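Visitor: Below is one structure. I have some questions about it.
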Amino acid sequence: YVFPPSIASLTHSFVNDVVLDKKRNFAYITDSGISIDANAPVVGGLIAVDLKSKKMKRWLNGYDCVNNDPSLWVTINGEHVAKESPMRTGADGIALSCDCDTFYWTPLTSRTLYAIDSKYLRNYDLTDAELMKKVKKLGYKESASDGMAASSKGALYMTAIEMNAILRKNDISSNI
C-alpha cells in the first residue's frame, strides 16, 4: 500500500503504529506529523485503510487530539528528552479493543488518552468536524505513552516512558 501525499506527506509525515481489524479487513495507522523541517509545526493524523478496496482516508489532520501538547516536557530519568524545547510528536500509541469496536490513541508528547468507535473511522463520508464530535477524551495519563494494547478483559496497557513502567487501566470506558 502506497500512501499518496494527501494521506501521508513526504515532508511532514511520520507514519508510525498500526493496528489491524481482521473482522472488517481494515488497518488503522497513526501519523505523528513530524516534519523534515524542524521548525514546522506538528501535523498529526489518523489513517484508515480498507485493505480490500485499498481506499484510505486521513482523519483529524492537525487537530489537537492528534498533535503534540506544546507545554509538555517529556522527562525520562529526571532529564528532559529534548534540551532546548519540548519534544514534538503527535499521534503515536494506538490500540484496538479485542472486539475491534473501539480505537484508542494518544500523541506521544501528551498525557491525554482518546477513543472513538471504529465504525466512524470506516465511514469515509464523514467530515473531520463530524468525526471530531465522536471522539471521546478519556482523560489524563500519568506519563507520556508510546506502545498500547487492549486486553480481552477490558484493560488497556500503556507504556509509561516517563516512569520506566507499564500502566494498566482496568476500566477504559471511564475517565483515567
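Lettering and numbering for the C-alpha cells are positional, with chains as A, B, ... in the shown order, residues counted from 1 in each chain, and ligands counted from 1 in the shown order.
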Could you give me, as a PyMOL selection string, each residue of chain A that DSSP assigns to helix (DSSP H, G or I) when run on this structure's backbone?
Guide: chain A and resi 64-66+118-121+128-132
Visitor: For A:Pro41, list every protein, DNA or RNA residue within 9 Å, evaluated using only C-alpha atoms, and leave out those in the same chain fewer than 4 positions away; present the list as a list in words.
Guide: His12, Gly33, Ile34, Ser35, Asp37 and Arg88 of chain A
Visitor: Just write the chosen residues, N, CA, C and O atoms, as a PDB file, in the first residue's frame.
Guide:
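Result file is again_24.pdb:
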ATOM      1  N   HIS A  12       6.047  16.054   5.836  1.00  0.00           N
ATOM      2  CA  HIS A  12       5.661  16.234   7.238  1.00  0.00           C
ATOM      3  C   HIS A  12       4.812  15.079   7.785  1.00  0.00           C
ATOM      4  O   HIS A  12       3.865  15.298   8.536  1.00  0.00           O
ATOM      5  N   GLY A  33       3.101  13.155  12.424  1.00  0.00           N
ATOM      6  CA  GLY A  33       3.114  14.502  11.862  1.00  0.00           C
ATOM      7  C   GLY A  33       4.414  15.256  12.003  1.00  0.00           C
ATOM      8  O   GLY A  33       4.424  16.482  12.037  1.00  0.00           O
ATOM      9  N   ILE A  34       5.523  14.545  12.080  1.00  0.00           N
ATOM     10  CA  ILE A  34       6.823  15.194  12.247  1.00  0.00           C
ATOM     11  C   ILE A  34       7.352  15.615  10.882  1.00  0.00           C
ATOM     12  O   ILE A  34       7.453  14.809   9.965  1.00  0.00           O
ATOM     13  N   SER A  35       7.714  16.877  10.780  1.00  0.00           N
ATOM     14  CA  SER A  35       8.193  17.443   9.514  1.00  0.00           C
ATOM     15  C   SER A  35       9.698  17.257   9.368  1.00  0.00           C
ATOM     16  O   SER A  35      10.423  17.158  10.358  1.00  0.00           O
ATOM     17  N   ASP A  37      11.339  19.654   8.290  1.00  0.00           N
ATOM     18  CA  ASP A  37      11.737  20.996   8.722  1.00  0.00           C
ATOM     19  C   ASP A  37      11.503  21.078  10.228  1.00  0.00           C
ATOM     20  O   ASP A  37      10.364  21.099  10.685  1.00  0.00           O
ATOM     21  N   ARG A  88       8.370  17.185  20.187  1.00  0.00           N
ATOM     22  CA  ARG A  88       7.158  17.441  19.400  1.00  0.00           C
ATOM     23  C   ARG A  88       6.816  16.206  18.567  1.00  0.00           C
ATOM     24  O   ARG A  88       7.311  16.034  17.466  1.00  0.00           O
TER      25      ARG A  88
END
Visitor: I want to know what sits within 10 Å of A:Thr75, based on only C-alpha atoms, with residues of the same chain fewer than 4 positions away left out; could you give that as a list in words?
Guide: Glu79, His80, Val81, Ala82, Pro86, Met87, Ser143, Ala144, Ile161, Glu162 and Met163 of chain A
Visitor: May I have the residues from that selection written out with N, CA, C and O atoms, as an mmCIF file, in the first residue's frame?
Guide:
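What landed in out-v5.cif:
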data_model
loop_
_atom_site.group_PDB
_atom_site.id
_atom_site.type_symbol
_atom_site.label_atom_id
_atom_site.label_comp_id
_atom_site.auth_asym_id
_atom_site.auth_seq_id
_atom_site.Cartn_x
_atom_site.Cartn_y
_atom_site.Cartn_z
ATOM 1 N N GLU A 79 15.513 13.852 33.323
ATOM 2 C CA GLU A 79 16.033 14.788 32.317
ATOM 3 C C GLU A 79 15.044 14.955 31.176
ATOM 4 O O GLU A 79 14.397 13.994 30.748
ATOM 5 N N HIS A 80 14.949 16.206 30.678
ATOM 6 C CA HIS A 80 14.103 16.465 29.516
ATOM 7 C C HIS A 80 14.647 15.704 28.308
ATOM 8 O O HIS A 80 15.856 15.666 28.088
ATOM 9 N N VAL A 81 13.750 15.108 27.538
ATOM 10 C CA VAL A 81 14.162 14.363 26.342
ATOM 11 C C VAL A 81 14.821 15.301 25.328
ATOM 12 O O VAL A 81 15.849 14.991 24.766
ATOM 13 N N ALA A 82 14.226 16.441 25.110
ATOM 14 C CA ALA A 82 14.816 17.456 24.234
ATOM 15 C C ALA A 82 15.306 18.586 25.137
ATOM 16 O O ALA A 82 14.610 19.002 26.050
ATOM 17 N N PRO A 86 10.390 21.592 24.188
ATOM 18 C CA PRO A 86 9.684 20.323 24.370
ATOM 19 C C PRO A 86 9.714 19.445 23.102
ATOM 20 O O PRO A 86 9.696 19.947 21.983
ATOM 21 N N MET A 87 9.797 18.153 23.322
ATOM 22 C CA MET A 87 9.709 17.183 22.231
ATOM 23 C C MET A 87 8.392 17.403 21.500
ATOM 24 O O MET A 87 7.389 17.770 22.112
ATOM 25 N N SER A 143 1.787 9.538 32.480
ATOM 26 C CA SER A 143 3.037 9.590 31.732
ATOM 27 C C SER A 143 2.742 9.647 30.239
ATOM 28 O O SER A 143 1.698 9.182 29.785
ATOM 29 N N ALA A 144 3.678 10.198 29.499
ATOM 30 C CA ALA A 144 3.622 10.061 28.048
ATOM 31 C C ALA A 144 3.718 8.574 27.720
ATOM 32 O O ALA A 144 4.367 7.816 28.437
ATOM 33 N N ILE A 161 6.627 5.959 29.536
ATOM 34 C CA ILE A 161 8.046 6.192 29.270
ATOM 35 C C ILE A 161 8.694 7.120 30.298
ATOM 36 O O ILE A 161 9.899 7.042 30.516
ATOM 37 N N GLU A 162 7.900 7.952 30.948
ATOM 38 C CA GLU A 162 8.471 8.850 31.955
ATOM 39 C C GLU A 162 8.623 8.173 33.319
ATOM 40 O O GLU A 162 9.275 8.712 34.215
ATOM 41 N N MET A 163 8.040 7.005 33.465
ATOM 42 C CA MET A 163 8.071 6.292 34.740
ATOM 43 C C MET A 163 8.837 4.977 34.643
ATOM 44 O O MET A 163 8.926 4.245 35.635
#
Visitor: Near A:Gly147, within 8 Å and counting only C-alpha atoms, which residues show up once chain neighbours fewer than 6 positions away are dropped, as number ranges by chain?
Guide: A: 93-94, 158-159
Visitor: Those residues you just picked out, can you put them in a file as an mmCIF file, in the first residue's frame with all heavy atoms?
Guide:
data_model
loop_
_atom_site.group_PDB
_atom_site.id
_atom_site.type_symbol
_atom_site.label_atom_id
_atom_site.label_comp_id
_atom_site.auth_asym_id
_atom_site.auth_seq_id
_atom_site.Cartn_x
_atom_site.Cartn_y
_atom_site.Cartn_z
ATOM 1 N N GLY A 93 0.911 6.240 19.969
ATOM 2 C CA GLY A 93 0.440 4.990 20.540
ATOM 3 C C GLY A 93 -1.009 4.716 20.172
ATOM 4 O O GLY A 93 -1.850 5.611 20.242
ATOM 5 N N ILE A 94 -1.296 3.477 19.762
ATOM 6 C CA ILE A 94 -2.669 3.090 19.413
ATOM 7 C C ILE A 94 -2.961 1.680 19.893
ATOM 8 O O ILE A 94 -2.053 0.865 20.069
ATOM 9 C CB ILE A 94 -2.960 3.175 17.898
ATOM 10 C CG1 ILE A 94 -1.982 2.328 17.080
ATOM 11 C CG2 ILE A 94 -2.965 4.597 17.431
ATOM 12 C CD1 ILE A 94 -2.290 2.306 15.582
ATOM 13 N N MET A 158 -0.418 0.428 28.690
ATOM 14 C CA MET A 158 0.315 1.501 28.013
ATOM 15 C C MET A 158 1.717 1.594 28.595
ATOM 16 O O MET A 158 1.885 1.489 29.811
ATOM 17 C CB MET A 158 -0.374 2.853 28.244
ATOM 18 C CG MET A 158 -1.774 2.946 27.708
ATOM 19 S SD MET A 158 -2.608 4.455 28.263
ATOM 20 C CE MET A 158 -3.143 3.935 29.895
ATOM 21 N N THR A 159 2.688 1.809 27.705
ATOM 22 C CA THR A 159 4.000 2.114 28.239
ATOM 23 C C THR A 159 3.912 3.462 28.935
ATOM 24 O O THR A 159 3.126 4.326 28.564
ATOM 25 C CB THR A 159 5.071 2.184 27.127
ATOM 26 O OG1 THR A 159 4.681 3.170 26.161
ATOM 27 C CG2 THR A 159 5.264 0.830 26.456
#
Visitor: Restrict the calculation to only C-alpha atoms, then for each residue of stretch 74-120 of chain A with any atom at most 6 Å from an atom of stretch 43-66 of chain A give the closest atom pair and their distance in Å to one decimal, rows by chain and rising residue number, as a Markdown table.
Guide:
| residue | atom | partner | partner_atom | distance |
| --- | --- | --- | --- | --- |
| A:Gly90 | CA | A:Gly44 | CA | 5.0 |
| A:Ala91 | CA | A:Val66 | CA | 4.6 |
| A:Pro107 | CA | A:Val66 | CA | 5.7 |
Visitor: Using the selection just defined, write its residues with N, CA, C and O atoms as a CSV table (one decimal), in the first residue's frame.
Guide:
chain,number,residue,atom,x,y,z
A,90,GLY,N,3.3,13.9,17.5
A,90,GLY,CA,1.8,13.8,17.5
A,90,GLY,C,1.4,12.4,17.7
A,90,GLY,O,2.0,11.6,18.4
A,91,ALA,N,0.2,12.0,17.1
A,91,ALA,CA,-0.4,10.7,17.3
A,91,ALA,C,0.6,9.6,17.2
A,91,ALA,O,1.4,9.6,16.2
A,107,PRO,N,-1.2,11.1,21.4
A,107,PRO,CA,0.0,11.6,20.9
A,107,PRO,C,1.1,11.3,21.9
A,107,PRO,O,0.9,11.2,23.1
Visitor: Contacts of A:Asn16 at 7 Å or less, counting only C-alpha atoms, minus same-chain residues fewer than 4 places along, as a ChimeraX atom specification?
Guide: /A:29-32,92
Visitor: In Å to one decimal, how far is atom CA of A:Ile166 from atom CA of A:Pro70?
Guide: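 These atoms are spaced 24.0 Å apart.
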Visitor: Of the residues A:Asn77, A:Ser71, A:Asn25, A:Asn170, which is the one nearest to A:Ala150, using only C-alpha atoms?
Guide: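 Under the stated criterion, the closest residue is A:Asn170.
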Visitor: What parts of stretch 3-142 of chain A does DSSP call strand (DSSP E)? I'd like the answer as a ChimeraX atom specification.
Guide: /A:15-21,26-31,45-50,56-59,75-76,79-80,91-96,102-107,112-117,136-140
Visitor: Residues at most 9 Å from A:Tyr114, counting only C-alpha atoms, excluding those fewer than 6 positions away in the same chain, as number ranges by chain?
Guide: A: 65, 103-106, 135-139
Visitor: With distances taken over only C-alpha atoms, which residue among A:Val42, A:Leu96, A:Ala129, A:Val19 lies nearest A:Ile116?
Guide: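 Answer, going by the shortest atom-to-atom distance: A:Leu96.
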Visitor: Can you work out which one of A:Asp125, A:Cys100, A:Glu142, A:Asn39 has the shortest atom-to-atom distance to A:Ser85, counting only C-alpha atoms?
Guide: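 The closest residue to A:Ser85 is A:Asn39.
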